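Content type mmCIF, C-alpha atoms, pLDDT in the B column; chains and numbers go by the auth columns, from the file my_file.cif:
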```cif
data_upload
#
loop_
_atom_site.group_PDB
_atom_site.id
_atom_site.type_symbol
_atom_site.label_atom_id
_atom_site.label_comp_id
_atom_site.label_asym_id
_atom_site.label_seq_id
_atom_site.Cartn_x
_atom_site.Cartn_y
_atom_site.Cartn_z
_atom_site.B_iso_or_equiv
_atom_site.auth_seq_id
_atom_site.auth_asym_id
ATOM 1 C CA ILE A 1 17.643 -27.938 -13.703 60.00 1 A
ATOM 2 C CA LEU A 2 14.320 -26.075 -13.767 71.00 2 A
ATOM 3 C CA ASN A 3 14.294 -22.871 -11.751 87.00 3 A
ATOM 4 C CA VAL A 4 11.285 -22.503 -9.465 94.00 4 A
ATOM 5 C CA GLU A 5 11.328 -19.314 -7.421 95.00 5 A
ATOM 6 C CA GLN A 6 9.130 -18.534 -4.453 97.00 6 A
ATOM 7 C CA SER A 7 8.669 -15.194 -2.759 96.00 7 A
ATOM 8 C CA PRO A 8 8.782 -13.976 -0.157 97.00 8 A
ATOM 9 C CA GLN A 9 11.185 -16.340 1.588 95.00 9 A
ATOM 10 C CA SER A 10 9.390 -15.754 4.898 96.00 10 A
ATOM 11 C CA LEU A 11 6.386 -13.866 6.153 96.00 11 A
ATOM 12 C CA HIS A 12 5.133 -12.927 9.600 97.00 12 A
ATOM 13 C CA VAL A 13 1.504 -11.799 9.878 97.00 13 A
ATOM 14 C CA GLN A 14 -1.045 -11.230 12.594 97.00 14 A
ATOM 15 C CA GLU A 15 -4.034 -13.478 13.077 97.00 15 A
ATOM 16 C CA GLY A 16 -6.835 -12.331 10.794 97.00 16 A
ATOM 17 C CA ASP A 17 -4.546 -10.835 8.138 97.00 17 A
ATOM 18 C CA SER A 18 -4.858 -12.045 4.579 96.00 18 A
ATOM 19 C CA THR A 19 -1.682 -12.903 2.764 96.00 19 A
ATOM 20 C CA ASN A 20 -0.384 -14.173 -0.552 95.00 20 A
ATOM 21 C CA PHE A 21 2.749 -15.785 -1.934 94.00 21 A
ATOM 22 C CA THR A 22 4.172 -16.087 -5.417 97.00 22 A
ATOM 23 C CA CYS A 23 5.640 -19.014 -7.309 97.00 23 A
ATOM 24 C CA SER A 24 7.493 -18.411 -10.596 97.00 24 A
ATOM 25 C CA PHE A 25 8.334 -21.243 -12.970 95.00 25 A
ATOM 26 C CA PRO A 26 9.453 -21.770 -16.584 91.00 26 A
ATOM 27 C CA SER A 27 6.581 -20.963 -18.933 84.00 27 A
ATOM 28 C CA SER A 28 7.648 -23.512 -21.564 85.00 28 A
ATOM 29 C CA ASN A 29 6.755 -27.221 -21.519 86.00 29 A
ATOM 30 C CA PHE A 30 4.275 -26.772 -18.691 89.00 30 A
ATOM 31 C CA TYR A 31 2.657 -29.913 -17.337 90.00 31 A
ATOM 32 C CA ALA A 32 1.397 -29.123 -13.821 93.00 32 A
ATOM 33 C CA LEU A 33 1.912 -26.902 -10.804 95.00 33 A
ATOM 34 C CA HIS A 34 1.548 -28.218 -7.261 96.00 34 A
ATOM 35 C CA TRP A 35 1.194 -26.457 -3.915 97.00 35 A
ATOM 36 C CA TYR A 36 2.057 -28.204 -0.648 97.00 36 A
ATOM 37 C CA ARG A 37 1.919 -27.180 2.990 97.00 37 A
ATOM 38 C CA TRP A 38 4.671 -28.471 5.254 96.00 38 A
ATOM 39 C CA GLU A 39 4.238 -28.101 8.984 95.00 39 A
ATOM 40 C CA THR A 40 7.153 -28.666 11.318 90.00 40 A
ATOM 41 C CA ALA A 41 7.673 -32.327 12.240 89.00 41 A
ATOM 42 C CA LYS A 42 5.029 -33.458 9.748 93.00 42 A
ATOM 43 C CA SER A 43 5.004 -34.630 6.135 94.00 43 A
ATOM 44 C CA PRO A 44 4.313 -32.234 3.264 95.00 44 A
ATOM 45 C CA GLU A 45 0.589 -32.169 2.587 95.00 45 A
ATOM 46 C CA ALA A 46 -0.844 -31.525 -0.861 95.00 46 A
ATOM 47 C CA LEU A 47 -3.034 -28.450 -1.260 97.00 47 A
ATOM 48 C CA PHE A 48 -3.604 -28.156 -4.995 96.00 48 A
ATOM 49 C CA VAL A 49 -2.573 -29.625 -8.328 95.00 49 A
ATOM 50 C CA MET A 50 -3.259 -27.270 -11.222 95.00 50 A
ATOM 51 C CA THR A 51 -2.855 -28.113 -14.881 92.00 51 A
ATOM 52 C CA LEU A 52 -4.749 -25.528 -16.940 92.00 52 A
ATOM 53 C CA ASN A 53 -3.942 -21.896 -17.587 93.00 53 A
ATOM 54 C CA GLY A 54 -6.378 -19.759 -15.636 93.00 54 A
ATOM 55 C CA ASP A 55 -7.077 -22.531 -13.110 93.00 55 A
ATOM 56 C CA GLU A 56 -8.360 -21.316 -9.764 96.00 56 A
ATOM 57 C CA LYS A 57 -8.579 -23.741 -6.854 96.00 57 A
ATOM 58 C CA LYS A 58 -9.988 -23.214 -3.374 97.00 58 A
ATOM 59 C CA LYS A 59 -9.816 -25.183 -0.130 95.00 59 A
ATOM 60 C CA GLY A 60 -11.426 -23.446 2.811 95.00 60 A
ATOM 61 C CA ARG A 61 -9.626 -20.134 3.334 97.00 61 A
ATOM 62 C CA ILE A 62 -6.812 -21.037 0.930 97.00 62 A
ATOM 63 C CA SER A 63 -6.988 -20.466 -2.805 98.00 63 A
ATOM 64 C CA ALA A 64 -4.568 -20.507 -5.718 98.00 64 A
ATOM 65 C CA THR A 65 -4.426 -19.175 -9.247 98.00 65 A
ATOM 66 C CA LEU A 66 -2.319 -20.215 -12.213 97.00 66 A
ATOM 67 C CA ASN A 67 -0.919 -18.341 -15.212 96.00 67 A
ATOM 68 C CA THR A 68 1.048 -20.756 -17.385 95.00 68 A
ATOM 69 C CA LYS A 69 1.691 -18.251 -20.184 94.00 69 A
ATOM 70 C CA GLU A 70 3.690 -15.935 -17.929 94.00 70 A
ATOM 71 C CA GLY A 71 4.867 -18.655 -15.554 94.00 71 A
ATOM 72 C CA TYR A 72 3.475 -17.760 -12.163 96.00 72 A
ATOM 73 C CA SER A 73 1.022 -18.952 -9.534 97.00 73 A
ATOM 74 C CA TYR A 74 -0.337 -17.157 -6.481 98.00 74 A
ATOM 75 C CA LEU A 75 -1.426 -18.749 -3.220 98.00 75 A
ATOM 76 C CA TYR A 76 -3.812 -16.731 -1.055 97.00 76 A
ATOM 77 C CA ILE A 77 -4.760 -17.255 2.569 97.00 77 A
ATOM 78 C CA LYS A 78 -7.757 -15.298 3.787 97.00 78 A
ATOM 79 C CA GLY A 79 -7.989 -14.451 7.488 97.00 79 A
ATOM 80 C CA SER A 80 -4.777 -16.223 8.548 97.00 80 A
ATOM 81 C CA GLN A 81 -4.932 -18.333 11.683 97.00 81 A
ATOM 82 C CA PRO A 82 -2.035 -19.566 13.867 96.00 82 A
ATOM 83 C CA GLU A 83 -2.631 -23.092 12.557 96.00 83 A
ATOM 84 C CA ASP A 84 -1.765 -21.813 9.070 97.00 84 A
ATOM 85 C CA SER A 85 1.844 -21.400 10.218 97.00 85 A
ATOM 86 C CA ALA A 86 3.888 -23.653 7.963 97.00 86 A
ATOM 87 C CA THR A 87 6.179 -23.636 4.957 97.00 87 A
ATOM 88 C CA TYR A 88 4.299 -23.448 1.664 98.00 88 A
ATOM 89 C CA LEU A 89 5.995 -25.170 -1.253 97.00 89 A
ATOM 90 C CA CYS A 90 5.247 -24.968 -4.911 96.00 90 A
ATOM 91 C CA ALA A 91 6.480 -27.528 -7.405 95.00 91 A
ATOM 92 C CA PHE A 92 6.549 -27.459 -11.192 92.00 92 A
ATOM 93 C CA SER A 93 6.401 -30.442 -13.506 91.00 93 A
ATOM 94 C CA ASN A 94 7.303 -30.432 -17.196 86.00 94 A
ATOM 95 C CA SER A 95 7.295 -34.177 -17.691 80.00 95 A
ATOM 96 C CA GLY A 96 4.588 -35.750 -15.608 76.00 96 A
ATOM 97 C CA TYR A 97 7.164 -37.839 -13.774 81.00 97 A
ATOM 98 C CA ALA A 98 9.166 -35.414 -11.628 86.00 98 A
ATOM 99 C CA LEU A 99 8.492 -32.364 -9.510 91.00 99 A
ATOM 100 C CA ASN A 100 10.879 -29.426 -9.217 92.00 100 A
ATOM 101 C CA PHE A 101 10.314 -27.691 -5.921 94.00 101 A
ATOM 102 C CA GLY A 102 10.938 -24.122 -4.901 95.00 102 A
ATOM 103 C CA LYS A 103 12.577 -23.394 -1.558 95.00 103 A
ATOM 104 C CA GLY A 104 9.257 -22.438 -0.019 95.00 104 A
ATOM 105 C CA THR A 105 7.704 -19.529 1.819 97.00 105 A
ATOM 106 C CA SER A 106 7.769 -19.824 5.598 97.00 106 A
ATOM 107 C CA LEU A 107 4.627 -18.322 7.136 97.00 107 A
ATOM 108 C CA LEU A 108 4.284 -17.461 10.811 97.00 108 A
ATOM 109 C CA VAL A 109 0.893 -16.314 12.078 97.00 109 A
ATOM 110 C CA THR A 110 0.838 -14.875 15.583 97.00 110 A
ATOM 111 C CA PRO A 111 -2.275 -14.323 17.727 95.00 111 A
ATOM 112 C CA LYS B 1 -6.011 -46.323 4.476 66.00 1 B
ATOM 113 C CA ALA B 2 -2.453 -46.406 5.803 79.00 2 B
ATOM 114 C CA GLY B 3 -0.193 -43.588 4.695 93.00 3 B
ATOM 115 C CA VAL B 4 3.297 -43.698 3.245 97.00 4 B
ATOM 116 C CA THR B 5 5.760 -45.195 5.679 97.00 5 B
ATOM 117 C CA GLN B 6 9.528 -44.840 5.758 97.00 6 B
ATOM 118 C CA THR B 7 12.098 -46.732 7.756 97.00 7 B
ATOM 119 C CA PRO B 8 14.233 -46.028 9.585 97.00 8 B
ATOM 120 C CA ARG B 9 13.212 -42.581 10.778 96.00 9 B
ATOM 121 C CA TYR B 10 16.675 -41.623 11.977 97.00 10 B
ATOM 122 C CA LEU B 11 20.086 -42.906 11.036 96.00 11 B
ATOM 123 C CA ILE B 12 23.659 -42.053 11.931 98.00 12 B
ATOM 124 C CA LYS B 13 26.478 -43.266 9.699 98.00 13 B
ATOM 125 C CA THR B 14 30.122 -42.437 9.182 97.00 14 B
ATOM 126 C CA ARG B 15 31.836 -41.299 6.009 98.00 15 B
ATOM 127 C CA GLY B 16 32.518 -44.099 3.569 97.00 16 B
ATOM 128 C CA GLN B 17 29.703 -46.336 4.775 98.00 17 B
ATOM 129 C CA GLN B 18 26.635 -47.127 2.773 98.00 18 B
ATOM 130 C CA VAL B 19 22.995 -46.858 3.757 98.00 19 B
ATOM 131 C CA THR B 20 19.664 -48.249 2.575 98.00 20 B
ATOM 132 C CA LEU B 21 16.384 -46.469 3.175 98.00 21 B
ATOM 133 C CA SER B 22 12.969 -48.027 2.704 98.00 22 B
ATOM 134 C CA CYS B 23 9.623 -46.627 1.604 98.00 23 B
ATOM 135 C CA SER B 24 6.234 -48.352 1.556 98.00 24 B
ATOM 136 C CA PRO B 25 3.674 -46.487 -0.558 97.00 25 B
ATOM 137 C CA ILE B 26 -0.047 -46.180 -0.010 96.00 26 B
ATOM 138 C CA SER B 27 -1.812 -49.362 -1.043 95.00 27 B
ATOM 139 C CA GLY B 28 -2.643 -49.215 -4.757 93.00 28 B
ATOM 140 C CA HIS B 29 -0.034 -46.578 -5.560 94.00 29 B
ATOM 141 C CA ARG B 30 2.517 -47.753 -8.084 95.00 30 B
ATOM 142 C CA SER B 31 4.704 -44.675 -8.394 95.00 31 B
ATOM 143 C CA VAL B 32 7.314 -43.856 -5.767 96.00 32 B
ATOM 144 C CA SER B 33 9.494 -40.747 -5.882 96.00 33 B
ATOM 145 C CA TRP B 34 12.469 -39.892 -3.678 97.00 34 B
ATOM 146 C CA TYR B 35 13.596 -36.419 -2.612 97.00 35 B
ATOM 147 C CA GLN B 36 16.483 -35.004 -0.628 97.00 36 B
ATOM 148 C CA GLN B 37 16.289 -31.899 1.503 95.00 37 B
ATOM 149 C CA THR B 38 19.414 -30.242 2.869 93.00 38 B
ATOM 150 C CA PRO B 39 19.511 -27.021 4.915 85.00 39 B
ATOM 151 C CA GLY B 40 18.783 -23.995 2.771 81.00 40 B
ATOM 152 C CA GLN B 41 17.734 -26.079 -0.219 86.00 41 B
ATOM 153 C CA GLY B 42 14.343 -27.019 -1.511 85.00 42 B
ATOM 154 C CA LEU B 43 13.343 -30.586 -2.040 93.00 43 B
ATOM 155 C CA GLN B 44 15.673 -32.035 -4.680 95.00 44 B
ATOM 156 C CA PHE B 45 14.300 -34.803 -6.882 94.00 45 B
ATOM 157 C CA LEU B 46 16.363 -38.001 -6.783 96.00 46 B
ATOM 158 C CA PHE B 47 14.419 -40.535 -8.860 94.00 47 B
ATOM 159 C CA GLU B 48 11.002 -41.983 -9.578 95.00 48 B
ATOM 160 C CA TYR B 49 9.988 -45.613 -9.954 96.00 49 B
ATOM 161 C CA PHE B 50 6.889 -47.171 -11.466 95.00 50 B
ATOM 162 C CA SER B 51 6.261 -50.898 -11.816 94.00 51 B
ATOM 163 C CA GLU B 52 9.849 -51.697 -10.822 95.00 52 B
ATOM 164 C CA THR B 53 11.276 -49.375 -13.514 95.00 53 B
ATOM 165 C CA GLN B 54 13.096 -46.112 -13.007 95.00 54 B
ATOM 166 C CA ARG B 55 11.301 -43.589 -15.183 93.00 55 B
ATOM 167 C CA ASN B 56 13.137 -40.430 -14.245 91.00 56 B
ATOM 168 C CA LYS B 57 16.309 -39.469 -12.447 93.00 57 B
ATOM 169 C CA GLY B 58 17.482 -36.217 -10.926 93.00 58 B
ATOM 170 C CA ASN B 59 20.929 -34.689 -11.029 93.00 59 B
ATOM 171 C CA PHE B 60 22.669 -36.791 -8.381 96.00 60 B
ATOM 172 C CA PRO B 61 25.884 -38.814 -8.575 96.00 61 B
ATOM 173 C CA GLY B 62 25.828 -42.538 -9.226 96.00 62 B
ATOM 174 C CA ARG B 63 26.368 -43.183 -5.501 97.00 63 B
ATOM 175 C CA PHE B 64 22.624 -42.671 -5.190 98.00 64 B
ATOM 176 C CA SER B 65 20.601 -45.579 -6.479 97.00 65 B
ATOM 177 C CA GLY B 66 17.206 -47.081 -5.954 97.00 66 B
ATOM 178 C CA ARG B 67 14.937 -49.909 -6.809 97.00 67 B
ATOM 179 C CA GLN B 68 11.309 -50.886 -6.583 98.00 68 B
ATOM 180 C CA PHE B 69 9.841 -54.262 -5.786 97.00 69 B
ATOM 181 C CA SER B 70 6.797 -55.980 -7.239 96.00 70 B
ATOM 182 C CA ASN B 71 4.685 -54.856 -4.266 95.00 71 B
ATOM 183 C CA SER B 72 5.654 -51.220 -5.085 96.00 72 B
ATOM 184 C CA ARG B 73 7.832 -50.861 -2.004 98.00 73 B
ATOM 185 C CA SER B 74 10.985 -48.972 -2.826 98.00 74 B
ATOM 186 C CA GLU B 75 14.479 -48.676 -1.438 98.00 75 B
ATOM 187 C CA MET B 76 17.168 -46.148 -2.038 98.00 76 B
ATOM 188 C CA ASN B 77 20.833 -46.755 -1.419 98.00 77 B
ATOM 189 C CA VAL B 78 23.665 -44.314 -0.925 98.00 78 B
ATOM 190 C CA SER B 79 27.159 -45.759 -1.145 96.00 79 B
ATOM 191 C CA THR B 80 30.414 -44.234 0.058 97.00 80 B
ATOM 192 C CA LEU B 81 28.657 -41.688 2.227 98.00 81 B
ATOM 193 C CA GLU B 82 29.937 -38.124 2.340 97.00 82 B
ATOM 194 C CA LEU B 83 29.304 -35.458 4.969 96.00 83 B
ATOM 195 C CA GLY B 84 27.157 -33.576 2.449 95.00 84 B
ATOM 196 C CA ASP B 85 24.748 -36.503 2.244 97.00 85 B
ATOM 197 C CA SER B 86 23.412 -35.545 5.663 97.00 86 B
ATOM 198 C CA ALA B 87 19.834 -34.647 4.883 97.00 87 B
ATOM 199 C CA LEU B 88 16.180 -35.461 5.231 97.00 88 B
ATOM 200 C CA TYR B 89 15.155 -38.047 2.644 98.00 89 B
ATOM 201 C CA LEU B 90 11.481 -38.087 1.732 97.00 90 B
ATOM 202 C CA CYS B 91 9.596 -40.498 -0.403 97.00 91 B
ATOM 203 C CA ALA B 92 6.207 -39.856 -1.964 96.00 92 B
ATOM 204 C CA SER B 93 3.719 -42.097 -3.691 95.00 93 B
ATOM 205 C CA SER B 94 0.997 -41.597 -6.269 93.00 94 B
ATOM 206 C CA PHE B 95 -1.102 -43.800 -8.534 92.00 95 B
ATOM 207 C CA ASN B 96 0.654 -43.307 -11.824 88.00 96 B
ATOM 208 C CA GLN B 97 2.065 -39.935 -12.853 82.00 97 B
ATOM 209 C CA PRO B 98 3.461 -37.929 -9.946 82.00 98 B
ATOM 210 C CA GLY B 99 3.729 -34.794 -12.050 81.00 99 B
ATOM 211 C CA GLN B 100 0.019 -34.642 -12.644 82.00 100 B
ATOM 212 C CA GLU B 101 -1.382 -36.272 -9.507 87.00 101 B
ATOM 213 C CA THR B 102 -1.311 -35.506 -5.819 90.00 102 B
ATOM 214 C CA GLN B 103 1.768 -36.986 -4.201 92.00 103 B
ATOM 215 C CA TYR B 104 1.516 -38.326 -0.681 95.00 104 B
ATOM 216 C CA PHE B 105 4.654 -37.933 1.361 96.00 105 B
ATOM 217 C CA GLY B 106 6.073 -40.107 4.077 96.00 106 B
ATOM 218 C CA PRO B 107 7.532 -38.766 7.326 95.00 107 B
ATOM 219 C CA GLY B 108 11.089 -38.957 6.008 96.00 108 B
ATOM 220 C CA THR B 109 14.361 -40.487 7.122 97.00 109 B
ATOM 221 C CA ARG B 110 16.826 -38.102 8.694 97.00 110 B
ATOM 222 C CA LEU B 111 20.369 -39.193 7.892 98.00 111 B
ATOM 223 C CA LEU B 112 23.385 -37.814 9.698 97.00 112 B
ATOM 224 C CA VAL B 113 26.822 -38.612 8.312 97.00 113 B
ATOM 225 C CA LEU B 114 29.736 -38.095 10.716 97.00 114 B
#
```

Do you think you could lay out the structure here as structure tokens?
Amino acid sequence: ILNVEQSPQSLHVQEGDSTNFTCSFPSSNFYALHWYRWETAKSPEALFVMTLNGDEKKKGRISATLNTKEGYSYLYIKGSQPEDSATYLCAFSNSGYALNFGKGTSLLVTP
Amino acid sequence: KAGVTQTPRYLIKTRGQQVTLSCSPISGHRSVSWYQQTPGQGLQFLFEYFSETQRNKGNFPGRFSGRQFSNSRSEMNVSTLELGDSALYLCASSFNQPGQETQYFGPGTRLLVL
């Protein structure tokens, strides 16, 4: 079982605040790191798939960085909006065929 | 393009029964993965199928099984249901290698075992 840790477990911010979450994963046998957003009553939605050390990805106000040597990834949200409220999941793959998910960070953005 | 579909969406069973869940991937996707989510746990990987072959399996008892058909549709079966099997079961599809590619998730089947 591959241990994928996410912190914090939950976060409550005001609209307009910027925030970031951390995902820690085993630094050996790295294949890929995924980030997903999961809104209540919807399906998980892919944000990023990162495969190279030093990767930086951006999608609108959301960006992510990857450090495979030390085994962590950061997800940043700039100027949080209420519609950003969701659970953010990271998942680590060491085989190409399976994803090991963390328990997620639950974000609540209030107006 | 139609998304990943799962049927049924909700299911109530009693202990000892068996259940079959179905997943239809996005057209052209040949890999289907199954996950279980229980309260307080992250998504737990069950198994992954590609071209009707199971390529990888998670740490679940043999009561959990699956298969994939030639049209890439997949089913998972849970026999001798236990209360702890109550969970949300999600399937996800991708073209080839789910570890390296974006996975597209279905809406899930919520199973309640009484």

(Q) For the PyMOL selection byres ((chain B) within 8 of (chain A)), applied here, can you spell out every residue it catches as number ranges by chain? (A) B: 33, 40-45, 47-48, 55-56, 59, 97-108

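Taking only C-alpha atoms into account, the residues near (-8.8, -15.2, 1.4), no farther than 9 Å, are Ser18, Thr19, Asn20, Gly60, Arg61, Ile62, Ser63, Tyr76, Ile77, Lys78, Gly79 and Ser80 of chain A.
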
For the residues in that selection, give me C-alpha atoms as a PDB file, keeping the file's coordinate frame.
```pdb
ATOM      1  CA  SER A  18      -4.858 -12.045   4.579  1.00 96.00           C
ATOM      2  CA  THR A  19      -1.682 -12.903   2.764  1.00 96.00           C
ATOM      3  CA  ASN A  20      -0.384 -14.173  -0.552  1.00 95.00           C
ATOM      4  CA  GLY A  60     -11.426 -23.446   2.811  1.00 95.00           C
ATOM      5  CA  ARG A  61      -9.626 -20.134   3.334  1.00 97.00           C
ATOM      6  CA  ILE A  62      -6.812 -21.037   0.930  1.00 97.00           C
ATOM      7  CA  SER A  63      -6.988 -20.466  -2.805  1.00 98.00           C
ATOM      8  CA  TYR A  76      -3.812 -16.731  -1.055  1.00 97.00           C
ATOM      9  CA  ILE A  77      -4.760 -17.255   2.569  1.00 97.00           C
ATOM     10  CA  LYS A  78      -7.757 -15.298   3.787  1.00 97.00           C
ATOM     11  CA  GLY A  79      -7.989 -14.451   7.488  1.00 97.00           C
ATOM     12  CA  SER A  80      -4.777 -16.223   8.548  1.00 97.00           C
TER      13      SER A  80
END
```

Q.
On this structure, the PyMOL selection byres ((chain B and resi 52) around 10) would catch which residues? List them as a VMD selection string, sorted by chain and number.
A. chain B and resid 30 to 32 48 to 51 53 to 55 66 to 74

Q.
If I take atom CA of B:Thr109 and atom CA of B:Met76, how far is one from the other in Å, to one decimal?
A. 11.1 Å

(Q) Quick check, in Å to one decimal: how far apart do atom CA of A:Gln81 and atom CA of A:Ala64 lie? (A) 17.5 Å

Extract stretch 54-65 of chain B from the structure I just pasted (atoms: N, CA, C and O atoms) and return it as a compact mmCIF listing (two decimals), in the first residue's frame.
```txt
# COMPACT_ATOMS: atom_id res chain seq x y z
N GLN B 54 -7.40 -8.22 -16.88
CA GLN B 54 -7.11 -7.49 -15.65
C GLN B 54 -5.62 -7.26 -15.57
O GLN B 54 -4.84 -8.21 -15.49
N ARG B 55 -5.22 -6.00 -15.53
CA ARG B 55 -3.79 -5.69 -15.51
C ARG B 55 -3.26 -5.42 -14.11
O ARG B 55 -2.07 -5.56 -13.85
N ASN B 56 -4.15 -4.98 -13.23
CA ASN B 56 -3.70 -4.64 -11.89
C ASN B 56 -4.85 -4.82 -10.92
O ASN B 56 -6.02 -4.63 -11.29
N LYS B 57 -4.52 -5.19 -9.70
CA LYS B 57 -5.55 -5.46 -8.70
C LYS B 57 -5.13 -4.83 -7.39
O LYS B 57 -3.96 -4.90 -7.01
N GLY B 58 -6.09 -4.24 -6.69
CA GLY B 58 -5.81 -3.66 -5.39
C GLY B 58 -5.91 -4.71 -4.30
O GLY B 58 -6.09 -5.90 -4.55
N ASN B 59 -5.83 -4.25 -3.07
CA ASN B 59 -5.79 -5.13 -1.92
C ASN B 59 -7.19 -5.39 -1.38
O ASN B 59 -7.55 -4.93 -0.30
N PHE B 60 -7.99 -6.11 -2.13
CA PHE B 60 -9.35 -6.44 -1.72
C PHE B 60 -9.52 -7.95 -1.74
O PHE B 60 -8.84 -8.66 -2.50
N PRO B 61 -10.45 -8.46 -0.91
CA PRO B 61 -10.65 -9.92 -0.88
C PRO B 61 -11.22 -10.43 -2.20
O PRO B 61 -11.74 -9.68 -3.01
N GLY B 62 -11.13 -11.75 -2.36
CA GLY B 62 -11.57 -12.39 -3.59
C GLY B 62 -13.07 -12.25 -3.86
O GLY B 62 -13.52 -12.55 -4.96
N ARG B 63 -13.82 -11.78 -2.85
CA ARG B 63 -15.26 -11.55 -3.07
C ARG B 63 -15.50 -10.48 -4.12
O ARG B 63 -16.58 -10.38 -4.70
N PHE B 64 -14.49 -9.65 -4.32
CA PHE B 64 -14.58 -8.57 -5.31
C PHE B 64 -13.96 -9.07 -6.62
O PHE B 64 -12.79 -9.47 -6.64
N SER B 65 -14.72 -9.04 -7.66
CA SER B 65 -14.21 -9.49 -8.95
C SER B 65 -14.76 -8.58 -10.04
O SER B 65 -15.69 -7.80 -9.82
```
